>>> print(open('work35.txt').read())   # compact mmCIF, C-alpha atoms
# COMPACT_ATOMS: atom_id res chain seq x y z
CA MET A 367 101.83 102.66 271.60
CA ASN A 368 98.59 100.79 271.19
CA TYR A 369 96.96 97.89 273.07
CA PHE A 370 99.39 95.10 272.19
CA SER A 371 102.52 97.24 272.45
CA HIS A 372 101.49 98.31 275.94
CA GLY A 373 100.61 94.85 277.21
CA TYR A 374 102.44 92.02 275.44
CA GLN A 375 105.26 91.85 278.01
CA TYR A 376 102.83 91.31 280.91
CA LEU A 377 100.90 88.20 279.90
CA ASP A 378 101.86 86.53 283.18
CA ARG A 379 100.23 89.33 285.22
CA PRO A 380 96.53 89.23 284.29
CA HIS A 381 95.26 92.19 286.32
CA PHE A 382 98.28 94.29 285.37
CA LEU A 383 97.74 93.39 281.71
CA ILE A 384 94.13 94.53 281.59
CA GLY A 385 95.12 97.71 283.41
CA THR A 386 97.50 98.56 280.56
CA ALA A 387 94.57 98.47 278.11
CA MET A 388 92.20 100.67 280.05
CA PRO A 389 93.33 104.22 279.14
CA ASP A 390 92.86 103.42 275.43
CA LEU A 391 89.65 101.44 275.90
CA LEU A 392 88.22 104.19 278.08
CA SER A 393 88.95 106.79 275.38
CA VAL A 394 86.68 104.77 273.07
CA ALA A 395 84.02 103.92 275.64
CA ASP A 396 83.60 107.30 277.31
CA ARG A 397 85.82 110.20 276.24
CA LYS A 398 84.76 112.44 279.12
CA VAL A 399 86.31 110.05 281.67
CA ARG A 400 90.09 109.96 282.06
CA LEU A 401 92.52 107.94 284.13
CA ARG A 402 95.06 110.34 285.67
CA SER A 403 98.24 109.29 287.43
CA ARG A 404 97.56 111.27 290.60
CA ARG A 405 94.24 109.51 291.12
CA VAL A 406 95.56 106.06 290.21
CA GLU A 407 98.80 106.11 292.24
CA PRO A 408 97.19 105.61 295.69
CA PHE A 409 95.73 102.30 294.49
CA ALA A 410 99.07 100.96 293.19
CA ASP A 411 100.43 100.22 296.65
CA GLY A 412 102.68 97.31 295.68
CA SER A 413 100.55 94.78 297.55
CA GLN A 414 100.02 92.63 294.43
CA THR A 415 96.31 92.39 295.11
CA PRO A 416 94.17 92.37 291.96
CA GLU A 417 93.22 95.99 292.62
CA ALA A 418 96.84 97.08 293.09
CA GLU A 419 98.01 95.18 290.01
CA PHE A 420 95.24 96.72 287.92
CA ALA A 421 96.23 100.22 289.04
CA ALA A 422 99.89 99.47 288.39
CA GLY A 423 99.03 98.40 284.84
CA VAL A 424 97.20 101.68 284.25
CA LEU A 425 100.24 103.60 285.52
CA GLN A 426 102.51 101.56 283.26
CA HIS A 427 100.44 102.62 280.26
CA LEU A 428 100.58 106.28 281.26
CA TYR A 429 104.33 106.07 281.88
CA ASP A 430 104.95 104.33 278.56
CA ASP A 431 103.00 106.98 276.69
CA GLN A 432 105.03 109.70 278.35
CA TRP A 433 108.46 108.45 277.30
CA PHE A 434 107.31 107.05 273.97
CA HIS A 435 105.69 110.24 272.70
CA ARG A 436 108.76 112.26 273.66
CA SER A 437 111.27 110.01 271.91
CA ASP A 438 113.18 111.03 268.80
CA ALA A 439 112.12 107.84 267.04
CA PHE A 440 108.44 108.63 267.59
CA THR A 441 108.91 112.20 266.31
CA ASN A 442 110.86 111.14 263.22
CA VAL A 443 108.65 108.23 262.15
CA THR A 444 105.36 110.06 262.69
CA ALA A 445 106.71 113.08 260.78
CA GLN A 446 107.66 110.89 257.81
CA LEU A 447 104.28 109.16 257.82
CA GLY A 448 102.49 112.49 258.10
CA ALA A 449 104.40 113.82 255.09
CA TRP A 450 103.48 110.75 253.01
CA PHE A 451 99.85 111.04 254.03
CA ARG A 452 99.81 114.75 253.21
CA ASP A 453 101.18 114.03 249.74
CA SER A 454 98.69 111.24 249.06
CA LEU A 455 95.48 112.92 250.27
CA PRO A 456 93.51 115.93 249.03
CA PRO A 457 94.38 119.21 250.80
CA ASP A 458 91.45 118.94 253.18
CA GLU A 459 91.55 119.51 256.95
CA GLY A 460 89.07 116.65 257.25
CA PHE A 461 91.98 114.22 256.90
CA ARG A 462 94.53 115.79 259.34
CA PRO A 463 97.75 114.07 258.14
CA GLY A 464 99.65 114.91 261.34
CA PHE A 465 97.08 113.13 263.47
CA LEU A 466 97.07 110.22 261.03
CA GLY A 467 100.85 109.93 261.26
CA HIS A 468 100.60 109.52 265.03
CA LEU A 469 97.67 107.10 264.92
CA VAL A 470 98.90 104.92 262.07
CA MET A 471 102.41 104.64 263.47
CA GLU A 472 101.04 103.17 266.70
CA LEU A 473 98.79 100.70 264.88
CA LEU A 474 101.63 99.63 262.59
CA LEU A 475 103.92 99.15 265.59
CA ASP A 476 101.31 96.81 267.05
CA SER A 477 101.20 95.08 263.67
CA GLU A 478 104.96 94.54 263.66
CA LEU A 479 104.95 93.13 267.18
CA ILE A 480 102.04 90.83 266.30
CA ARG A 481 103.94 89.65 263.22
CA ARG A 482 106.90 88.82 265.45
CA HIS A 483 104.84 87.24 268.25
CA PRO A 484 101.51 85.93 266.91
CA GLU A 485 101.24 83.38 269.70
CA LYS A 486 101.34 86.21 272.23
CA LEU A 487 98.30 87.89 270.70
CA ASP A 488 96.29 84.70 271.19
CA GLU A 489 97.44 84.65 274.81
CA TYR A 490 96.74 88.38 275.17
CA TYR A 491 93.10 87.84 274.27
CA ARG A 492 92.84 84.75 276.47
CA VAL A 493 94.15 86.58 279.53
CA MET A 494 92.05 89.67 278.86
CA ASP A 495 88.95 87.50 278.57
CA SER A 496 89.51 86.07 282.06
CA HIS A 497 88.22 89.26 283.73
CA ASP A 498 84.73 90.25 284.80
CA PRO A 499 83.83 93.43 282.85
CA LEU A 500 81.85 94.80 285.79
CA TRP A 501 84.87 94.36 288.08
CA VAL A 502 87.00 96.26 285.57
CA GLN A 503 84.46 99.08 285.34
CA THR A 504 84.22 99.30 289.12
CA ARG A 505 88.00 99.61 289.43
CA ILE A 506 88.02 102.41 286.85
CA ASN A 507 85.26 104.29 288.64
CA ALA A 508 87.19 104.08 291.90
CA MET A 509 90.11 105.89 290.26
CA THR A 510 88.41 108.58 288.16
CA ARG A 511 86.71 111.84 289.01
CA ASP A 512 83.68 111.01 286.84
CA SER A 513 82.08 107.59 286.68
CA THR A 514 81.12 105.60 283.60
CA ASP A 515 78.79 102.73 282.78
CA ARG A 516 80.15 102.21 279.25
CA VAL A 517 83.23 100.07 279.88
CA ALA A 518 81.46 96.88 280.96
CA PRO A 519 79.43 96.65 277.71
CA LEU A 520 82.40 97.58 275.50
CA LEU A 521 84.99 95.17 276.90
CA PRO A 522 83.23 91.97 275.70
CA LEU A 523 82.84 93.57 272.26
CA PHE A 524 86.53 94.44 272.18
CA LEU A 525 87.38 90.83 273.00
CA ARG A 526 84.88 89.35 270.56
CA GLU A 527 85.97 91.55 267.62
CA ARG A 528 89.68 90.72 268.04
CA PHE A 529 90.41 93.59 265.70
CA LEU A 530 94.13 93.65 266.53
CA TRP A 531 94.54 90.75 264.08
CA ASP A 532 93.25 93.04 261.33
CA TYR A 533 96.34 95.23 261.64
CA LEU A 534 98.31 92.58 259.73
CA ASP A 535 96.20 93.08 256.58
CA PRO A 536 96.42 96.54 254.94
CA ALA A 537 92.85 96.44 253.60
CA LYS A 538 91.42 95.41 256.96
CA LEU A 539 93.59 97.99 258.71
CA LEU A 540 92.13 100.66 256.43
CA THR A 541 88.64 99.54 257.42
CA ARG A 542 89.55 99.87 261.10
CA LEU A 543 91.11 103.28 260.48
CA ASN A 544 87.94 104.50 258.83
CA GLN A 545 85.95 103.37 261.85
CA VAL A 546 88.15 105.67 263.93
CA MET A 547 87.78 108.48 261.40
CA ARG A 548 83.99 108.23 261.56
CA ARG A 549 84.02 108.16 265.35
CA ILE A 550 86.00 111.40 265.55
CA LYS A 551 84.13 112.97 262.61
CA LEU A 552 86.96 113.10 260.07
CA ASN A 553 86.79 112.20 256.38
CA ALA A 554 86.97 108.55 255.37
CA LEU A 555 90.25 107.53 253.79
CA PRO A 556 90.13 106.35 250.15
CA ASP A 557 90.91 102.78 249.09
CA SER A 558 94.14 104.02 247.51
CA PHE A 559 95.42 104.74 251.02
CA VAL A 560 96.26 101.03 251.30
CA GLU A 561 99.40 101.65 249.23
CA VAL A 562 100.59 104.30 251.68
CA LEU A 563 99.89 101.96 254.58
CA GLU A 564 102.15 99.38 252.94
CA ARG A 565 104.98 101.93 252.76
CA GLY A 566 104.31 102.89 256.34
CA ARG A 567 104.44 99.26 257.45
CA LEU A 568 107.97 98.90 256.06
CA LEU A 569 109.06 102.16 257.69
CA VAL A 570 107.73 101.18 261.11
CA ALA A 571 109.13 97.65 260.85
CA THR A 572 112.55 99.10 260.08
CA HIS A 573 112.42 101.38 263.13
CA ALA A 574 110.46 99.14 265.51
CA ASP A 575 113.41 98.27 267.74
CA GLU A 576 114.39 101.93 267.93
CA LEU A 577 110.82 102.90 268.80
CA LEU A 578 110.85 100.36 271.63
CA THR A 579 114.41 101.00 272.78
CA GLU A 580 113.49 102.20 276.23
CA ASN A 581 112.32 99.34 278.40
CA PRO A 582 110.79 100.98 281.46
CA GLN A 583 110.29 99.04 284.65
CA PRO A 584 106.72 98.54 285.90
CA ALA A 585 105.40 101.56 287.74
CA THR A 586 105.33 99.73 291.10
>>> encode(input="work35.txt", output="structure tokens")
Amino acid sequence: MNYFSHGYQYLDRPHFLIGTAMPDLLSVADRKVRLRSRRVEPFADGSQTPEAEFAAGVLQHLYDDQWFHRSDAFTNVTAQLGAWFRDSLPPDEGFRPGFLGHLVMELLLDSELIRRHPEKLDEYYRVMDSHDPLWVQTRINAMTRDSTDRVAPLLPLFLRERFLWDYLDPAKLLTRLNQVMRRIKLNALPDSFVEVLERGRLLVATHADELLTENPQPAT
């Protein structure tokens, strides 16, 4: 799951919603800092305060990742994508088709949900933009072993870029993928990869309901 898949059901719970985005945003902002369930759980006390809701949203993300990544649908779809990517790319470890299968599947699942619910993505960004970035960073630092000062500057950029809309366009999605590839020091994907992304989009759209079959309750 990616940002929208994690959060689109919680647009009426602003602090919970932004909590669902934080494990992924933190992995971009500061990879040495991690949100772990055992450190977050004491803050999700069910009180419905902003702090408790934020923590509950983080736990929801971690819970979703746990069941999602263990599902048969996830395994089957990512394996098929990985095989297509392996066939379409040079035999070079700098591409890592297995990793790409995992990453692209999650982005294409977001794309399919955005295609189904475009009005919810507008609302997603509106609700996310209602938070003070420094408050968000402070809440993260209260729940992690190491502290970070990189979330507050990144969150406004995330909101301004609105890159989730780019997932609907294969060429723009490729551009976003190559940004990730550069960040993690892997080879850039060629322009011809757009054709494989189109095949992948159809595959993920076909299996989207299966991928989202489990509908876990909020963590608190």
>>> atom_distance(input="work35.txt", atom1="atom CA of A:Ile506", atom2="atom CA of A:Arg549")
22.6 Å
>>> residues_around(input="work35.txt", residues="A:Asp453", least_positions_apart="4", cutoff="12 Å", atoms="all atoms listed in the file", output="PyMOL selection string")
chain A and resi 446-449+457-458+461-464+559+562
>>> closest_residue(input="work35.txt", among="A:Met494, A:Ala421, A:Leu473, A:Leu500", to="A:Arg542", atoms="only C-alpha atoms")
A:Leu473
>>> closest_residue(input="work35.txt", among="A:Leu569, A:Val470, A:Leu530, A:Ala518", to="A:Met388", atoms="all atoms listed in the file")
A:Ala518
>>> atom_distance(input="work35.txt", atom1="atom CA of A:Ser393", atom2="atom CA of A:Glu485")
27.0 Å
>>> atom_distance(input="work35.txt", atom1="atom CA of A:Asp430", atom2="atom CA of A:Glu459")
29.6 Å
>>> closest_atom_pairs(input="work35.txt", of="stretch 401-463 of chain A", to="stretch 369-372 of chain A", cutoff="10 Å", atoms="all atoms listed in the file", output="Markdown table")
| residue | atom | partner | partner_atom | distance |
| --- | --- | --- | --- | --- |
| A:Gly423 | CA | A:His372 | CA | 9.2 |
| A:Val424 | CA | A:His372 | CA | 9.9 |
| A:Gln426 | CA | A:His372 | CA | 8.1 |
| A:His427 | CA | A:His372 | CA | 6.2 |
| A:Leu428 | CA | A:His372 | CA | 9.6 |
| A:Asp430 | CA | A:His372 | CA | 7.4 |
| A:Asp431 | CA | A:His372 | CA | 8.8 |
>>> axis_aligned_box(input="work35.txt", around="stretch 368-382 of chain A", padding_each_side="5 Å", output="lines of an AutoDock Vina configuration file")
center_x = 100.3
center_y = 93.7
center_z = 278.8
size_x = 20.0
size_y = 24.3
size_z = 25.1
>>> closest_residue(input="work35.txt", among="A:His468, A:Pro408, A:Thr415, A:Glu489", to="A:Tyr376", atoms="all atoms listed in the file")
A:Glu489
>>> residues_near_point(input="work35.txt", point="(80.9, 107.6, 279.9)", cutoff="10 Å", atoms="all atoms listed in the file", output="PDB file with C-alpha atoms, keeping the file's coordinate frame")
ATOM      1  CA  LEU A 392      88.220 104.190 278.080  1.00  0.00           C
ATOM      2  CA  SER A 393      88.950 106.790 275.380  1.00  0.00           C
ATOM      3  CA  VAL A 394      86.680 104.770 273.070  1.00  0.00           C
ATOM      4  CA  ALA A 395      84.020 103.920 275.640  1.00  0.00           C
ATOM      5  CA  ASP A 396      83.600 107.300 277.310  1.00  0.00           C
ATOM      6  CA  ARG A 397      85.820 110.200 276.240  1.00  0.00           C
ATOM      7  CA  LYS A 398      84.760 112.440 279.120  1.00  0.00           C
ATOM      8  CA  VAL A 399      86.310 110.050 281.670  1.00  0.00           C
ATOM      9  CA  ARG A 400      90.090 109.960 282.060  1.00  0.00           C
ATOM     10  CA  ASP A 512      83.680 111.010 286.840  1.00  0.00           C
ATOM     11  CA  SER A 513      82.080 107.590 286.680  1.00  0.00           C
ATOM     12  CA  THR A 514      81.120 105.600 283.600  1.00  0.00           C
ATOM     13  CA  ASP A 515      78.790 102.730 282.780  1.00  0.00           C
ATOM     14  CA  ARG A 516      80.150 102.210 279.250  1.00  0.00           C
ATOM     15  CA  VAL A 517      83.230 100.070 279.880  1.00  0.00           C
TER      16      VAL A 517
END
>>> closest_residue(input="work35.txt", among="A:Glu407, A:Asp390, A:Glu478, A:Asp488", to="A:Leu534", atoms="only C-alpha atoms")
A:Glu478
>>> residues_near_point(input="work35.txt", point="(98.3, 92.1, 282.6)", cutoff="10 Å", atoms="only C-alpha atoms", output="list in words")
His372, Gly373, Tyr374, Gln375, Tyr376, Leu377, Asp378, Arg379, Pro380, His381, Phe382, Leu383, Ile384, Gly385, Thr386, Ala387, Glu419, Phe420, Ala422, Gly423, Val424, Tyr490, Val493 and Met494 of chain A
>>> residues_around(input="work35.txt", residues="A:Val560", least_positions_apart="4", cutoff="8 Å", atoms="all atoms listed in the file", output="list in words")
Pro536, Ala537, Leu540 and Glu564 of chain A
>>> write_last_selection(input="work35.txt", atoms="C-alpha atoms", output="PDB file, in the frame of the given file")
ATOM      1  CA  PRO A 536      96.420  96.540 254.940  1.00  0.00           C
ATOM      2  CA  ALA A 537      92.850  96.440 253.600  1.00  0.00           C
ATOM      3  CA  LEU A 540      92.130 100.660 256.430  1.00  0.00           C
ATOM      4  CA  GLU A 564     102.150  99.380 252.940  1.00  0.00           C
TER       5      GLU A 564
END
>>> closest_residue(input="work35.txt", among="A:Leu523, A:Val406, A:Leu425, A:Leu555", to="A:Phe451", atoms="only C-alpha atoms")
A:Leu555
>>> closest_residue(input="work35.txt", among="A:Leu568, A:Met547, A:Leu539, A:Leu525", to="A:Gly460", atoms="only C-alpha atoms")
A:Met547
>>> residues_around(input="work35.txt", residues="A:Leu474", least_positions_apart="6", cutoff="7 Å", atoms="all atoms listed in the file", output="ChimeraX atom specification")
/A:533,567,570
>>> write_last_selection(input="work35.txt", atoms="C-alpha atoms", output="JSON list (two decimals), in the frame of the given file")
[["chain", "number", "residue", "atom", "x", "y", "z"],
["A", 533, "TYR", "CA", 96.34, 95.23, 261.64],
["A", 567, "ARG", "CA", 104.44, 99.26, 257.45],
["A", 570, "VAL", "CA", 107.73, 101.18, 261.11]]
